[in-house]
Amino acid sequence: MLKRWQVDVVGYGPSQHDQDSYFLMRGFEGVNQRQKAEDAFYGSDEWKQGPRERILADIDSYTTIVVSLDAATINGLRKAGGGTNMANQAAAGDLDVLTRLNADYITSVQKGDAKRFDEMLADDFLCSMADGSLIDRKRFLEMTAQPVAIRNLQAHDVNIRLMGDMAIVHAATSFTTADGRPSSGRYTDVWARRGGRWLAVSAHVTRK
């Protein structure tokens with residue numbers, strides 16, 4: 001939207017000092033031109049009748065800083081903090097986090113670690129079990145705390161798909177059954193970013 005309104009976006013992305021802060025860097029010819037551009041944008045029907053309420057609801061506080069910079073410095077900021085570059089960095093960070101969470105998820109299943117699951121699961125978490133039943137968070141934690149029958153549980157071919165504040169994890173599993181037979185299955189987990197944290201909101205499990 002800013003680009004459509006001919007606002008020069010120099011850079012944007014997450015702050016490095018905490019995971020809940022973000023910055024938007026815009027360039028203007030001067031203070032007067034900045035005021036005119038912002039009045040036009042924030043006074044437009046596209047903004048007011050579009051994403052305004054949703055975006056403002058996600059902002060706890062904000063600070064505006066205006067600085068005067070030369071063209072060379074601005075060009076340097078574009079290269080260092082351009083939107084595409086920052087978005088790629090943010091996505092890479094999310095993938096790292098989700099990769100660790102997925103590993104924790106598998107480890108917690110094998111160890112019956114209900115405490116770790118309590119940290120990772122959203123309050124509205126639901127799981128479709130291999131037997132076709134659908135269980136909620138409370139029942140999932142109760143079942144996790146029971147003695148684990150399978151051994152050597154491992155995830156393979158993990159595929160993490162990022163979709164903004166949602167992510168879908170697909171993977172295959174291999175394990176040893178209680179009677180010593182090798183077996184396998186698949187799972188699909190859905191994660192959502194809530195309050196700056198990735199939480200599992202859904203899971204679907206299949207086993208041979």
# chains A, B, ... in the order shown; residues from 1 in each chain; ligands from 1
>>> residues_around(residues="A:Arg100", least_positions_apart="6", cutoff="12 Å", atoms="only C-alpha atoms", output="JSON, numbers by chain")
{"A": [93, 94, 106, 107, 120, 158, 160, 169, 198]}
>>> write_last_selection(atoms="N, CA and C atoms", output="compact mmCIF listing (two decimals), in the first residue's frame")
# COMPACT_ATOMS: atom_id res chain seq x y z
N GLY A 93 15.23 -17.00 10.36
CA GLY A 93 15.14 -17.13 11.82
C GLY A 93 13.95 -17.97 12.23
N ASP A 94 12.81 -17.76 11.56
CA ASP A 94 11.62 -18.55 11.86
C ASP A 94 11.85 -20.03 11.55
N ILE A 106 9.15 -34.16 18.51
CA ILE A 106 9.41 -35.59 18.33
C ILE A 106 10.05 -36.19 19.59
N THR A 107 11.03 -35.47 20.15
CA THR A 107 11.69 -35.94 21.37
C THR A 107 10.70 -36.06 22.52
N MET A 120 4.70 -25.91 24.46
CA MET A 120 4.66 -25.75 23.02
C MET A 120 3.25 -25.69 22.43
N VAL A 158 11.70 -33.86 6.71
CA VAL A 158 10.92 -32.78 7.31
C VAL A 158 10.79 -31.62 6.33
N ILE A 160 9.13 -27.86 6.16
CA ILE A 160 8.51 -26.76 6.90
C ILE A 160 8.09 -25.69 5.91
N VAL A 169 4.18 -28.17 9.09
CA VAL A 169 5.31 -29.10 9.08
C VAL A 169 4.81 -30.47 8.63
N TRP A 198 6.03 -19.14 18.61
CA TRP A 198 5.44 -20.17 17.76
C TRP A 198 4.82 -21.24 18.64
>>> residues_around(residues="A:Gln146", least_positions_apart="2", cutoff="12 Å", atoms="only C-alpha atoms", output="JSON, numbers by chain")
{"A": [109, 110, 111, 112, 113, 114, 139, 140, 141, 142, 143, 144, 148, 149, 150]}
>>> write_last_selection(atoms="C-alpha atoms", output="short mmCIF file (atom, residue, chain, number, x, y, z; two decimals), in the first residue's frame")
data_model
loop_
_atom_site.label_atom_id
_atom_site.label_comp_id
_atom_site.auth_asym_id
_atom_site.auth_seq_id
_atom_site.Cartn_x
_atom_site.Cartn_y
_atom_site.Cartn_z
CA VAL A 109 6.63 -37.82 22.09
CA GLN A 110 9.38 -40.41 22.55
CA LYS A 111 10.13 -39.39 26.15
CA GLY A 112 6.52 -38.76 27.16
CA ASP A 113 7.50 -35.21 28.14
CA ALA A 114 4.14 -33.61 28.93
CA ARG A 139 -6.39 -35.17 26.62
CA PHE A 140 -3.20 -34.98 24.54
CA LEU A 141 -1.14 -34.06 27.60
CA GLU A 142 -2.77 -36.87 29.61
CA MET A 143 -1.92 -39.40 26.91
CA THR A 144 1.62 -38.09 26.58
CA VAL A 148 5.56 -44.76 25.97
CA ALA A 149 5.27 -48.05 24.09
CA ILE A 150 7.26 -47.24 20.96
#
>>> residues_around(residues="A:Met129", least_positions_apart="5", cutoff="7 Å", atoms="only C-alpha atoms", output="JSON, numbers by chain")
{"A": [134, 204, 205]}
>>> select_by_dssp(residues="stretch 58-176 of chain A", states="helix (DSSP H, G or I)", output="PyMOL selection string")
chain A and resi 71-81+83-111+114-120+137-144
>>> select_by_dssp(residues="stretch 69-158 of chain A", states="strand (DSSP E)", output="list in words")
Leu121, Ala122, Asp123, Asp124, Phe125, Leu126, Cys127, Ser128, Leu134, Ile135, Asp136, Arg151, Asn152, Leu153, Gln154, Ala155, His156, Asp157 and Val158 of chain A
>>> closest_residue(among="A:Gln154, A:His17, A:Arg116, A:Asn102", to="A:Asp189", atoms="only C-alpha atoms")
A:Asn102
>>> decode(residues="stretch 38-109 of chain A", atoms="C-alpha atoms", output="JSON list (two decimals), in the first residue's frame")
[["chain", "number", "residue", "atom", "x", "y", "z"],
["A", 38, "GLU", "CA", 1.32, 10.69, 5.63],
["A", 39, "ASP", "CA", -1.85, 12.83, 5.72],
["A", 40, "ALA", "CA", -2.77, 11.52, 2.28],
["A", 41, "PHE", "CA", -2.03, 7.89, 3.11],
["A", 42, "TYR", "CA", -3.57, 7.70, 6.59],
["A", 43, "GLY", "CA", -6.54, 9.78, 5.48],
["A", 44, "SER", "CA", -7.32, 7.51, 2.54],
["A", 45, "ASP", "CA", -10.31, 5.17, 2.38],
["A", 46, "GLU", "CA", -7.94, 2.35, 1.35],
["A", 47, "TRP", "CA", -6.24, 2.60, 4.74],
["A", 48, "LYS", "CA", -9.21, 3.46, 6.95],
["A", 49, "GLN", "CA", -11.56, 0.91, 5.42],
["A", 50, "GLY", "CA", -8.82, -1.63, 4.82],
["A", 51, "PRO", "CA", -6.21, -3.01, 7.26],
["A", 52, "ARG", "CA", -6.21, -0.07, 9.73],
["A", 53, "GLU", "CA", -8.10, -1.70, 12.62],
["A", 54, "ARG", "CA", -6.28, -5.03, 12.33],
["A", 55, "ILE", "CA", -2.85, -3.43, 12.20],
["A", 56, "LEU", "CA", -3.50, -0.98, 15.05],
["A", 57, "ALA", "CA", -4.77, -3.84, 17.23],
["A", 58, "ASP", "CA", -1.34, -5.51, 16.93],
["A", 59, "ILE", "CA", 0.59, -2.41, 18.05],
["A", 60, "ASP", "CA", 1.14, -1.91, 21.79],
["A", 61, "SER", "CA", 3.28, 1.21, 21.38],
["A", 62, "TYR", "CA", 5.33, 2.99, 18.74],
["A", 63, "THR", "CA", 7.98, 5.67, 18.46],
["A", 64, "THR", "CA", 8.64, 7.99, 15.51],
["A", 65, "ILE", "CA", 12.16, 9.27, 14.88],
["A", 66, "VAL", "CA", 13.01, 11.75, 12.11],
["A", 67, "VAL", "CA", 16.64, 12.13, 11.01],
["A", 68, "SER", "CA", 18.34, 14.01, 8.15],
["A", 69, "LEU", "CA", 20.62, 11.83, 6.00],
["A", 70, "ASP", "CA", 22.57, 12.21, 2.79],
["A", 71, "ALA", "CA", 21.90, 10.12, -0.32],
["A", 72, "ALA", "CA", 24.91, 7.83, 0.21],
["A", 73, "THR", "CA", 23.79, 6.90, 3.71],
["A", 74, "ILE", "CA", 20.24, 6.23, 2.57],
["A", 75, "ASN", "CA", 21.49, 3.98, -0.23],
["A", 76, "GLY", "CA", 23.63, 2.13, 2.30],
["A", 77, "LEU", "CA", 20.57, 1.62, 4.51],
["A", 78, "ARG", "CA", 18.64, 0.25, 1.54],
["A", 79, "LYS", "CA", 21.31, -2.40, 0.99],
["A", 80, "ALA", "CA", 21.67, -3.27, 4.67],
["A", 81, "GLY", "CA", 18.02, -3.10, 5.72],
["A", 82, "GLY", "CA", 15.99, -3.44, 2.55],
["A", 83, "GLY", "CA", 12.61, -5.11, 2.89],
["A", 84, "THR", "CA", 13.48, -8.20, 0.87],
["A", 85, "ASN", "CA", 16.75, -8.74, 2.72],
["A", 86, "MET", "CA", 15.14, -8.29, 6.14],
["A", 87, "ALA", "CA", 12.22, -10.51, 5.19],
["A", 88, "ASN", "CA", 14.64, -13.26, 4.16],
["A", 89, "GLN", "CA", 16.52, -12.90, 7.44],
["A", 90, "ALA", "CA", 13.28, -13.06, 9.42],
["A", 91, "ALA", "CA", 12.14, -16.15, 7.48],
["A", 92, "ALA", "CA", 15.49, -17.85, 8.11],
["A", 93, "GLY", "CA", 15.14, -17.13, 11.82],
["A", 94, "ASP", "CA", 11.62, -18.55, 11.86],
["A", 95, "LEU", "CA", 12.79, -21.69, 10.08],
["A", 96, "ASP", "CA", 15.53, -22.18, 12.68],
["A", 97, "VAL", "CA", 13.02, -21.82, 15.51],
["A", 98, "LEU", "CA", 10.49, -24.16, 13.90],
["A", 99, "THR", "CA", 13.19, -26.74, 13.14],
["A", 100, "ARG", "CA", 14.14, -26.81, 16.83],
["A", 101, "LEU", "CA", 10.50, -26.94, 17.91],
["A", 102, "ASN", "CA", 9.82, -29.83, 15.56],
["A", 103, "ALA", "CA", 12.80, -31.72, 17.01],
["A", 104, "ASP", "CA", 11.52, -30.98, 20.53],
["A", 105, "TYR", "CA", 8.08, -32.22, 19.51],
["A", 106, "ILE", "CA", 9.41, -35.59, 18.33],
["A", 107, "THR", "CA", 11.69, -35.94, 21.37],
["A", 108, "SER", "CA", 8.80, -35.13, 23.70],
["A", 109, "VAL", "CA", 6.63, -37.82, 22.09]]
